[in-house]
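Enquirer: Can you read through this structure? Questions will come right after.
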Amino acid sequence: LDLEVEFDAQSEMSLDLEDASVRGALNRAGTTHALHAFVSRREDLFCLRIAPWPDTARLTFRPFYETSPELAKLEHPPVQVSRDGELTVAVQQILPNSFFALCWNAVGPDVFIALASADSAQLAREQAASRHPHRRRILDVAELFKGHAGAWGDFWSGSSIALPEKESEFLWYFGLYLLASGARLGSKPPGLQGLWPMDGRTPPWGGDYHTDMNVQETFWSACPTGHLDLLDVWLEFAYDLLPKAEKLTRTIFATRGAFQPCAFFPEFTVLFGGGWVPVAFAWSHTGWLAHLAWLRWRYSKDPGWLAQRGYPIVRSAFLFYSDNLEEEVDGRYHIPLSSSPEYDGPAPTAWCKDPNIDIALIRKCCDWVCEMETALGFGELSPRAREIHEKLIPYHLLEFDHPASYVRSGALKGKCVLGLWEDKLLDYSHRHPSHLMAIHPAMDLTIEGSAEERAIIEASFGQYLSLGQYCWAGHTYVQMVSMAAVLGRGEMAHNFLRCYRDRWVLPNGLHFNREIGSPGNSHFTLPDETKVSEQAPFTVNESCGIPCGISDMLIQGWGNCLRVFPAVPAAWQELLFVDLLTEGAFRVSGLMREGHAKWVRITASVDGPCRLRDPFHEDDHVQFCGTEPRRTGDVLSWDMAAGQMVTLFLPGFGKLDLEREAAEIRASSG
């Protein structure tokens, strides 16, 4: 749909994240035309107002197969265009039983475009026409904007942050905005490009669903920001597809459970082609989905959701693992054939046995089954889960044999480096740190674990970094922000965040899967002479995932313990976060001034114990509002009821105006 009007070059437009609308001042022949546009948060409706309306301007429709030879190759049936009074309706068939309809009025100052989809052309047409505001006697954009802006206001009131670094704070809000714009219950979840594939091009990778880290990274931020309904968009979709995944599993593996393929289109059209067969058949995709379901449970502690959605998803993943593991003469369960994500790509050498990523996910899947069944009050699979956990092949650990003597001399001695699989060390810079799954995000090995665990983490993380960043991609940096944060390395997390922000993001905030700001640091560098629109494939998972990494620097709740300001860099002396969500279903807020915690507030969403690692470092001046905690070493604990709030603060910070605190912090931003 085009509105072809020639405005002056000095015209301006901007996107306001607060109410998700575009405003502009468009100049033409001495006249300024005020523009206001938004996609309704409540309806499938685009609203546009241009006042005054330019003379002779009309909204015109051109099917994609007329504007793009590349998209014409899809050979969809011709669009059916019809008139309905002053409205025009266009219906496009996409899949055999999937029809999409647009209904619009062509002349302003107020233009509305309604969208509908149905399993027949007639029904799609009728729904689109009935949704058009003119059919509801709504003629003014302002009437619809009030509800739209209120809905976004409610969304943003859920949680917030204020950082002394405006570029990083922007990435948190912008990534959350993109996720909220692209994920809505009742609609298909966003694919690799979300709602923003480039005009006139077939989306990279066909715009499919990549069930490896791509999907996970897209939805990670829904948990710490407290917008679990956004994660539900993917999990509801995955739950609905379980019968098809289970049928596929019976066909390929002849077993129970649901194997998750790497890539598919809506309606579970599975892609095993493209030459990357080892990636397609990796077992880790199944574990990734189970991990998201487990996170949804841990952040909500909602037993109803667990029974209806979370447990069935994890159960189906566990059954696939249980039925396909092979017990060998060593008495251990083994993964007979899989791959470590994208290592050696489509080459035959990518196939392997017992990759460490699968071992980590299977170990944790056993834990998740036991925890979920305990919460639900039964033990159907728990005995088998405990058996597999005990007898599963252990992690493959190797020597850190770096060719540089000064690196080798500083390395931990002995077999303490996580490899890709047995006797296979990662031997080149690689964009997927999947062999470190046990460290993050599975959190099977943690810095608060045994001395052996800490040694493995130190050696494995160091070995991965020693290979350099030349073959890292944008999504690598996003994951590494979180990984460094859970290891308590705030300066490193901040460095990865800045690398991503400065080298992988365009001025419009979007990530284009190519290094842009500093050509030459990465193998995936966009040449200076290349146009972004031609060679840099936009993917949404990095933009949507980075708020999780930033949140992990501010608050963590793994291991049944809250950690406030666990990985804050020295550059962030002043910061505030409000009502971020943690595992255990706690809403946590915190204020830092002059590099020290001054105020912390915890609100319980469900009944249960709360443990907090003391962010005030046992300062004798800490005051409490609400129940005073029990102390065991540096851990404070309470038995909390749903809705109960406790506040800890230093003198002078008992009563805070959070809006004023946020404004002062932002005012100090460089």
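Please note that chains go A, B, ... in the order of the structure tokens, that every chain numbers its residues from 1, and that ligands are numbered from 1 in the order shown.
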Each residue of region 483-577 of chain A lying at most 9 Å from region 151-168 of chain A should get a row with its shortest atom-to-atom pair and the distance in Å to one decimal, counting only C-alpha atoms; could you produce that, ordered by chain and increasing number, as a Markdown table?
Expert:
| residue | atom | partner | partner_atom | distance |
| --- | --- | --- | --- | --- |
| A:Leu497 | CA | A:Ser168 | CA | 7.7 |
| A:Arg498 | CA | A:Ser168 | CA | 7.9 |
| A:Arg501 | CA | A:Ser168 | CA | 7.5 |
| A:Ile550 | CA | A:Ser168 | CA | 8.1 |
| A:Ser551 | CA | A:Ile161 | CA | 8.7 |
| A:Ala571 | CA | A:Pro164 | CA | 8.1 |
| A:Trp572 | CA | A:Pro164 | CA | 6.1 |
| A:Gln573 | CA | A:Pro164 | CA | 7.7 |
| A:Glu574 | CA | A:Pro164 | CA | 6.3 |
| A:Leu575 | CA | A:Leu163 | CA | 4.9 |
| A:Leu576 | CA | A:Ala162 | CA | 5.1 |
| A:Phe577 | CA | A:Ile161 | CA | 4.2 |
Enquirer: If you keep N, CA and C atoms, can you produce a file of those selected residues as a compact mmCIF listing (two decimals), in the first residue's frame?
Expert:
# COMPACT_ATOMS: atom_id res chain seq x y z
N LEU A 497 28.61 -6.15 25.70
CA LEU A 497 27.45 -5.32 25.40
C LEU A 497 27.85 -4.17 24.49
N ARG A 498 28.97 -3.52 24.79
CA ARG A 498 29.43 -2.40 23.96
C ARG A 498 29.86 -2.87 22.58
N ARG A 501 26.67 -3.37 20.69
CA ARG A 501 26.02 -2.08 20.43
C ARG A 501 26.76 -1.26 19.38
N ILE A 550 21.27 -7.54 29.69
CA ILE A 550 21.35 -6.33 30.53
C ILE A 550 20.69 -6.60 31.88
N SER A 551 19.53 -7.27 31.85
CA SER A 551 18.85 -7.60 33.10
C SER A 551 19.70 -8.52 33.96
N ALA A 571 31.58 1.50 35.23
CA ALA A 571 31.02 2.66 34.51
C ALA A 571 29.59 2.96 34.94
N TRP A 572 28.92 2.00 35.56
CA TRP A 572 27.54 2.20 36.00
C TRP A 572 27.51 2.44 37.50
N GLN A 573 27.88 3.61 37.92
CA GLN A 573 27.89 3.95 39.34
C GLN A 573 26.50 4.27 39.86
N GLU A 574 25.64 4.72 38.98
CA GLU A 574 24.28 5.09 39.35
C GLU A 574 23.32 4.31 38.46
N LEU A 575 22.38 3.58 39.05
CA LEU A 575 21.40 2.88 38.23
C LEU A 575 20.20 2.48 39.08
N LEU A 576 19.11 2.20 38.38
CA LEU A 576 17.87 1.81 39.03
C LEU A 576 17.17 0.78 38.16
N PHE A 577 16.64 -0.26 38.78
CA PHE A 577 15.72 -1.14 38.06
C PHE A 577 14.50 -1.36 38.95
Enquirer: Determine which residues of region 461-665 of chain A receive a DSSP assignment of strand (DSSP E), computed from the backbone, and state them as a PyMOL selection string.
Expert: chain A and resi 555-556+562-564+575-582+586-593+596-604+608-613+623-625+630-632+635-640+645-649
Enquirer: Would you mind listing what lies within 10 Å of Arg563 (chain A) as a list in words, with only C-alpha atoms counted and same-chain residues fewer than 4 positions away left out?
Expert: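 Contacts, with the query itself left out: Val486, Asp552, Met553, Leu554, Ile555, Gln556, Gly557, Trp558, Ala567, Thr582, Val588, Arg611, Leu612, Arg613, Asp614, Pro615 and Val635 of chain A.
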Enquirer: Report the distance between CA of Leu526 (chain A) and CA of Leu465 (chain A) in Å, rounded to one decimal place.
Expert: 23.1 Å
Enquirer: Which of these, A:Asp232, A:Glu328, A:Asp401, A:Glu267, has the shortest distance to Asp208 (chain A) once you count only C-alpha atoms?
Expert: A:Glu267
Enquirer: Which residue out of A:Tyr333, A:Phe538, A:Phe524, A:Phe219 has the minimum interatomic distance to Thr202 (chain A) when only C-alpha atoms are used?
Expert: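 Nearest candidate to Thr202 (chain A) out of A:Tyr333, A:Phe538, A:Phe524, A:Phe219: A:Phe538.
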Enquirer: Compare A:Thr60, A:Gln463, A:Ser637, A:Ser339 by their minimum atom-to-atom distance to Ala280 (chain A), counting only C-alpha atoms, and give me the closest one.
Expert: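 Of A:Thr60, A:Gln463, A:Ser637, A:Ser339, the one nearest Ala280 (chain A) is A:Ser339, counting only C-alpha atoms.
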Enquirer: Please, what distance in Å, to one decimal, runs between CA of Gly150 (chain A) and CA of Arg42 (chain A)?
Expert: 10.0 Å
Enquirer: Just list as number ranges by chain whatever in region 340-526 of chain A DSSP marks as helix (DSSP H, G or I).
Expert: A: 348-350, 356-376, 382-391, 405-410, 434-436, 451-466, 474-486, 490-503
Enquirer: Can you work out which one of A:Leu325, A:Leu487, A:Leu376, A:Ala238 has the shortest atom-to-atom distance to Thr255 (chain A), counting only C-alpha atoms?
Expert: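 Of the candidates, the smallest distance to Thr255 (chain A) is held by A:Leu325.
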Enquirer: Within 7 Å of Tyr477 (chain A), counting only C-alpha atoms, which residues show up once you throw out same-chain ones fewer than 2 positions away? Write them as a PyMOL selection string, please.
Expert: chain A and resi 473-475+479-481+496-497+500
Enquirer: Would you list the contacts of Leu15 (chain A) as a count of residues only, taking every protein, DNA or RNA residue within 12 Å and counting only C-alpha atoms, but skipping same-chain residues closer than 6 positions in sequence?
Expert: 13
Enquirer: Between A:Ala597, A:Ala9, A:Ile313, A:Val417, which has the minimum distance to Leu242 (chain A) (counting only C-alpha atoms)?
Expert: A:Ile313
Enquirer: For Trp305 (chain A), work out the shell of residues within 12 Å, counting only C-alpha atoms and skipping chain neighbours fewer than 5 positions away, then give it as a PyMOL selection string.
Expert: chain A and resi 228-229+232+235-236+239+293-294+296-300+310-313+372+375-376
Enquirer: Using only C-alpha atoms, which protein or nucleic acid residues come within 9 Å of region 66-72 of chain A? Drop anything in the same chain fewer than 3 positions from it, and give the result as a count of residues only.
Expert: 8
Enquirer: For each of A:Arg136, A:Arg309, A:Pro278, A:Leu192, take the minimum atom-to-atom distance to Asp240 (chain A), counting only C-alpha atoms, then give the residue where this is smallest.
Expert: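 Checking each of A:Arg136, A:Arg309, A:Pro278, A:Leu192 against Asp240 (chain A), counting only C-alpha atoms, the winner is A:Arg309.
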